[in-house]
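**Student:** Below you will find the structure I want to go over with you.
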Amino acid sequence: MPIAIAPTNKELRVVRVLTDEKIKKHLESLGLSVNAVVTVMSSSGGTVVLKIKDGRVALDKNLSTKIFVA
């Protein structure tokens, strides 16, 4: 499922990232890559705030629909 509709406060694993290579490399440098464990902290209007390891990352509506978790 896209991370935009994922449940909050539950650990999820990233299974697919459907972006171009430049954005994919940037996300990997932030810790968001395939098989990464993330927690959706909040989701409103398509904007998603993720907890990755000890940090937080905010994703806009466009990007949050291209990252799939299970």
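Ordering of the structure tokens sets the chain letters (A, B, ...); residue numbers start at 1 within each chain; ligands are numbered from 1 in the order shown.
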Skipping near chain neighbours, those fewer than 2 positions away, what residues fall within 6 Å of stretch 33-44 of chain A using only C-alpha atoms, listed as a PyMOL selection string?
**Tutor:** chain A and resi 8-16+28+46-52
**Student:** In Å, with one decimal, what is the gap from atom CA of A:Gly55 to atom CA of A:Asp20?
**Tutor:**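 If I compute the distance from atom CA of A:Gly55 to atom CA of A:Asp20, I get 23.7 Å.
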**Student:** Please identify the alpha helix (DSSP H) residues within chain A (assignment by DSSP from backbone atoms) and present them as a list in words.
**Tutor:** Glu21, Lys22, Ile23, Lys24, Lys25, His26, Leu27, Glu28, Ser29, Lys61, Asn62, Leu63 and Ser64 of chain A
**Student:** From a backbone DSSP assignment, name each residue in chain A labelled strand (DSSP E or B), as a count of residues only.
**Tutor:** 30
**Student:** Just how far from atom CA of A:Leu59 is atom CA of A:His26, in Å to one decimal?
**Tutor:** 12.5 Å
**Student:** Please, what distance in Å, to one decimal, runs between atom CA of A:Phe68 and atom CA of A:Pro7?
**Tutor:** 12.5 Å
